[in-house]
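**Student:** Next up is a structure, given as structure tokens.
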Amino acid sequence: MKLFFRIVLFLCLTNSVNAQQFNYMPLYNGGTVVNHRYYTLSYSEKHEQPYWVAYELKPKMLYKVVKRKNNFRTDPKVKTGSATYTDYKSAPLYDAGHMLCSRNMQFSCESMDETFYMSNMSPQHKDLNRIRWAHLEALERSMVERNGALYVICGPVLKDITKTIGVKNKVSVPNYYYKIILKHTPKATKCIAFLMPNEKCPQPLDAYVVSVDCIEDMTGIDFFPELPDDIENRIESKINTTNWSFSKPRSNYAYNKPSVKCN
């Protein structure tokens, strides 16, 4: 009976979660924009990874319905060819780190499967990817539970690169990663941004909060060009943690066990 209800939930979520309607794409002239159903990215052929990955995350997307399947593969929409999983396997110190994590997309087989395109990956130090970056991804889901739908932009800082990995392709190893979370409604707008070095990060998450302006200076990316200038200037210039909770709620989204196996 439980399996029956999980299958019904899987079908309902698959039909009810529409493709992204993210209207606040960043501006950056250096990459090739690639649209998938549940996220958009700007791909850097030079660095063989995204400059940014943008998506909207809604509460109903947090249900853990399908089982994770590690289907790392090249992105057919990157015409110049993306990096390969073999490039990452050649460097055991680094993981193929999801920018849009698969856990955020386990409400359907298609949504989860999309996150394993190599265009969504970047070489993250294993001590970052598996610990503090994973904690940030969990916090992101908690913020969605409390605030409703959020817009998220994340990616590597692809400047001052001194190291690469890879076999067939040379994949740049970033020194930093960022994640920017935006809540925007006609009544109110708030934003929080994180910046982490590509290494073990021992401090609590709030120690890595920075302004959006700081990340724009480091990356050269304009993150919210479609927002009214007065709102954009206000939310991007300040470091603000008071409007966001850092505690983790216990919810139906986070603790249900997946039961649908994808082909």
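Identifiers for the structure tokens are assigned positionally: chains receive A, B, ... in sequence, residues are indexed from 1 per chain, and ligands are indexed from 1 in the order shown.
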Please identify the helix (DSSP H, G or I) residues within range 77-124 of chain A (assignment by DSSP from backbone atoms) and present them as a list in words.
**Tutor:**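 Reading the DSSP output for range 77-124 of chain A, helix (DSSP H, G or I) covers Tyr85, Thr86, Asp87, Tyr88, Lys89, Ser102, Arg103, Asn104, Met105, Cys109, Glu110, Ser111, Met112, Asp113, Glu114, Met118, Ser119 and Asn120 of chain A.
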**Student:** Report as a PyMOL selection string all protein, DNA and RNA residues lying within 10 Å of range 29-41 of chain A, evaluated on only C-alpha atoms, omitting residues in the same chain fewer than 3 positions from it.
**Tutor:** chain A and resi 17-22+25-26+44-46+49-57+75+77-80+99-100+105+110-112+114-115+119-120+152-155+220-221
**Student:** Kindly export the residues of the current selection with N, CA and C atoms, as a CSV table (one decimal), in the first residue's frame.
**Tutor:**
chain,number,residue,atom,x,y,z
A,17,VAL,N,5.0,19.6,-11.7
A,17,VAL,CA,6.1,20.5,-11.7
A,17,VAL,C,6.5,20.9,-13.1
A,18,ASN,N,6.2,22.1,-13.5
A,18,ASN,CA,6.5,22.5,-14.8
A,18,ASN,C,8.0,22.9,-15.1
A,19,ALA,N,8.3,23.1,-16.3
A,19,ALA,CA,9.7,23.5,-16.6
A,19,ALA,C,9.9,24.9,-16.0
A,20,GLN,N,11.2,25.2,-15.8
A,20,GLN,CA,11.5,26.4,-15.0
A,20,GLN,C,11.0,27.7,-15.7
A,21,GLN,N,10.6,28.6,-14.9
A,21,GLN,CA,10.2,29.9,-15.4
A,21,GLN,C,11.0,31.0,-14.7
A,22,PHE,N,12.3,30.8,-14.8
A,22,PHE,CA,13.3,31.7,-14.1
A,22,PHE,C,13.5,32.9,-14.9
A,25,MET,N,17.9,35.6,-15.1
A,25,MET,CA,19.1,35.0,-15.5
A,25,MET,C,20.3,36.0,-15.4
A,26,PRO,N,21.5,35.5,-15.1
A,26,PRO,CA,22.6,36.4,-15.1
A,26,PRO,C,23.0,36.9,-16.5
A,44,SER,N,31.3,27.2,-20.1
A,44,SER,CA,32.6,27.7,-20.6
A,44,SER,C,33.4,26.6,-21.2
A,45,GLU,N,33.7,26.7,-22.5
A,45,GLU,CA,34.5,25.8,-23.3
A,45,GLU,C,35.9,25.8,-22.8
A,46,LYS,N,36.4,27.0,-22.5
A,46,LYS,CA,37.8,27.2,-22.0
A,46,LYS,C,38.0,26.4,-20.7
A,49,GLN,N,33.3,23.7,-17.9
A,49,GLN,CA,32.3,23.6,-16.8
A,49,GLN,C,31.5,24.9,-16.9
A,50,PRO,N,30.5,25.0,-16.1
A,50,PRO,CA,29.6,26.2,-16.2
A,50,PRO,C,30.2,27.4,-15.5
A,51,TYR,N,29.9,28.6,-16.1
A,51,TYR,CA,30.1,29.8,-15.4
A,51,TYR,C,29.1,30.0,-14.3
A,52,TRP,N,27.8,29.6,-14.6
A,52,TRP,CA,26.8,29.7,-13.6
A,52,TRP,C,25.7,28.6,-14.0
A,53,VAL,N,25.0,28.2,-13.0
A,53,VAL,CA,23.8,27.3,-13.1
A,53,VAL,C,22.6,28.0,-12.4
A,54,ALA,N,21.5,28.2,-13.0
A,54,ALA,CA,20.4,28.9,-12.5
A,54,ALA,C,19.1,28.0,-12.5
A,55,TYR,N,18.3,28.1,-11.4
A,55,TYR,CA,17.1,27.3,-11.3
A,55,TYR,C,16.2,27.8,-10.3
A,56,GLU,N,14.9,27.4,-10.4
A,56,GLU,CA,14.0,27.7,-9.4
A,56,GLU,C,13.7,26.5,-8.6
A,57,LEU,N,13.6,26.6,-7.3
A,57,LEU,CA,13.3,25.4,-6.4
A,57,LEU,C,12.1,25.7,-5.6
A,75,ASP,N,27.0,16.3,-22.0
A,75,ASP,CA,25.8,17.0,-22.3
A,75,ASP,C,25.7,17.2,-23.8
A,77,LYS,N,23.7,19.0,-25.5
A,77,LYS,CA,23.3,20.3,-25.9
A,77,LYS,C,24.6,21.3,-25.9
A,78,VAL,N,25.7,20.8,-25.4
A,78,VAL,CA,26.9,21.6,-25.5
A,78,VAL,C,27.6,21.2,-26.8
A,79,LYS,N,27.5,22.1,-27.8
A,79,LYS,CA,27.9,21.7,-29.2
A,79,LYS,C,29.4,21.5,-29.3
A,80,THR,N,30.1,22.2,-28.5
A,80,THR,CA,31.6,22.0,-28.5
A,80,THR,C,32.1,20.8,-27.8
A,99,MET,N,26.5,21.3,-9.4
A,99,MET,CA,26.1,22.7,-9.1
A,99,MET,C,24.6,22.7,-8.7
A,100,LEU,N,23.8,22.1,-9.6
A,100,LEU,CA,22.4,21.8,-9.1
A,100,LEU,C,22.5,20.4,-8.6
A,105,MET,N,16.4,17.4,-7.0
A,105,MET,CA,15.6,17.0,-8.2
A,105,MET,C,15.1,15.6,-8.2
A,110,GLU,N,13.2,12.2,-14.8
A,110,GLU,CA,13.8,13.1,-15.8
A,110,GLU,C,14.5,14.3,-15.0
A,111,SER,N,14.0,14.8,-14.0
A,111,SER,CA,14.6,15.9,-13.3
A,111,SER,C,15.9,15.5,-12.6
A,112,MET,N,15.9,14.3,-12.0
A,112,MET,CA,17.2,13.8,-11.4
A,112,MET,C,18.2,13.5,-12.5
A,114,GLU,N,18.7,14.8,-15.4
A,114,GLU,CA,19.3,16.0,-15.9
A,114,GLU,C,20.4,16.5,-15.2
A,115,THR,N,20.5,16.3,-13.8
A,115,THR,CA,21.5,16.8,-13.0
A,115,THR,C,22.9,16.2,-13.2
A,119,SER,N,28.0,19.1,-17.9
A,119,SER,CA,28.0,20.5,-17.9
A,119,SER,C,27.5,21.1,-16.6
A,120,ASN,N,26.9,20.3,-15.7
A,120,ASN,CA,26.5,20.7,-14.4
A,120,ASN,C,27.5,20.4,-13.3
A,152,VAL,N,17.8,30.3,-7.4
A,152,VAL,CA,19.2,30.0,-7.0
A,152,VAL,C,20.1,30.1,-8.2
A,153,ILE,N,21.2,30.7,-7.9
A,153,ILE,CA,22.3,30.7,-8.9
A,153,ILE,C,23.6,30.3,-8.3
A,154,CYS,N,24.3,29.3,-8.8
A,154,CYS,CA,25.6,28.9,-8.2
A,154,CYS,C,26.6,28.6,-9.3
A,155,GLY,N,27.8,28.5,-8.9
A,155,GLY,CA,28.9,28.1,-9.8
A,155,GLY,C,30.3,28.3,-9.3
A,220,GLY,N,32.7,38.8,-12.5
A,220,GLY,CA,32.4,39.6,-13.7
A,220,GLY,C,31.0,39.4,-14.2
A,221,ILE,N,30.2,38.7,-13.4
A,221,ILE,CA,28.8,38.3,-13.8
A,221,ILE,C,27.8,39.3,-13.1
**Student:** So that I can check the surroundings of Leu158 in chain A, please list as an MDAnalysis selection string every protein, DNA and RNA residue that reaches within 9 Å of it, counting only C-alpha atoms and ignoring chain neighbours fewer than 3 positions away.
**Tutor:** chainID A and resid 47 51 155 161 172:176 218:219
**Student:** Save the residues we just selected, C-alpha atoms, as a PDB file, in the first residue's frame?
**Tutor:**
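Result file follows (result22.pdb):
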ATOM      1  CA  HIS A  47      37.244  25.803 -18.508  1.00  0.00           C
ATOM      2  CA  TYR A  51      30.127  29.826 -15.359  1.00  0.00           C
ATOM      3  CA  GLY A 155      28.862  28.131  -9.838  1.00  0.00           C
ATOM      4  CA  ILE A 161      43.120  29.390 -12.423  1.00  0.00           C
ATOM      5  CA  SER A 172      39.998  24.066 -14.661  1.00  0.00           C
ATOM      6  CA  VAL A 173      40.091  23.670 -10.876  1.00  0.00           C
ATOM      7  CA  PRO A 174      38.399  26.738  -9.340  1.00  0.00           C
ATOM      8  CA  ASN A 175      39.646  28.381  -6.174  1.00  0.00           C
ATOM      9  CA  TYR A 176      36.141  29.344  -4.988  1.00  0.00           C
ATOM     10  CA  MET A 218      35.152  38.218  -8.480  1.00  0.00           C
ATOM     11  CA  THR A 219      33.301  36.700 -11.451  1.00  0.00           C
TER      12      THR A 219
END
**Student:** If you run DSSP on the backbone, which residues of range 7-233 of chain A are strand (DSSP E or B), as a PyMOL selection string?
**Tutor:** chain A and resi 27+32-35+40-44+49-57+66+73+94-98+117+121-125+150-156+164-165+171-172+176-184+189-197+209-210+222
**Student:** Please provide the set of residues having any atom within 8 Å of range 201-204 of chain A, restricted to only C-alpha atoms, with same-chain residues fewer than 5 positions apart removed, written as a list in words.
**Tutor:**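 My reading of the contact set: Asp127, Leu128, Arg132 and Met196 of chain A.
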**Student:** Counting only C-alpha atoms, what is within 6 Å of Thr84 in chain A, bar same-chain residues fewer than 2 positions away, as JSON, numbers by chain?
**Tutor:** {"A": [74, 86, 87]}
**Student:** With distances taken over only C-alpha atoms, which residue among A:Lys261, A:Lys190, A:Arg146, A:Arg68 lies nearest Glu232 in chain A?
**Tutor:**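 Once distances to Glu232 in chain A are computed over only C-alpha atoms, the minimum belongs to A:Lys190.
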**Student:** Rank A:Asn129, A:Thr241, A:Thr164, A:Ser122 by their smallest atom-to-atom distance to Ile181 in chain A, using only C-alpha atoms, and report the top residue only.
**Tutor:**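 When distances to Ile181 in chain A are compared using only C-alpha atoms, the smallest one comes from A:Thr241.
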**Student:** Choose the residue, out of A:Pro258, A:Pro156, A:Pro92, A:Pro225, that has the smallest atom-to-atom separation from Val66 in chain A; count only C-alpha atoms.
**Tutor:**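 The answer is A:Pro258, which sits nearest to Val66 in chain A.
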**Student:** Could you work out how far CA of Arg103 in chain A lies from CA of Leu62 in chain A, giving the answer in Å with one decimal?
**Tutor:**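 Rounded to one decimal, the two atoms are 8.0 Å apart.
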**Student:** Between A:Lys58, A:Lys163, A:Lys170, A:Lys257, which one has atoms that come closest to Met143 in chain A, using only C-alpha atoms?
**Tutor:** A:Lys58
**Student:** May I ask for the distance between CA of Pro76 in chain A and CA of Tyr177 in chain A, given in Å to one decimal place?
**Tutor:**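 Answer for the CA of Pro76 in chain A to CA of Tyr177 in chain A separation: 25.0 Å.
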**Student:** Work out how far CA of Asp217 in chain A is from CA of Asp229 in chain A, in Å to one decimal.
**Tutor:** 17.5 Å
**Student:** Counting only C-alpha atoms, figure out which residue out of A:Leu182, A:Ile235, A:Ala134, A:Ala193 gets nearest to Ala149 in chain A.
**Tutor:**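 Nearest to Ala149 in chain A: A:Leu182.
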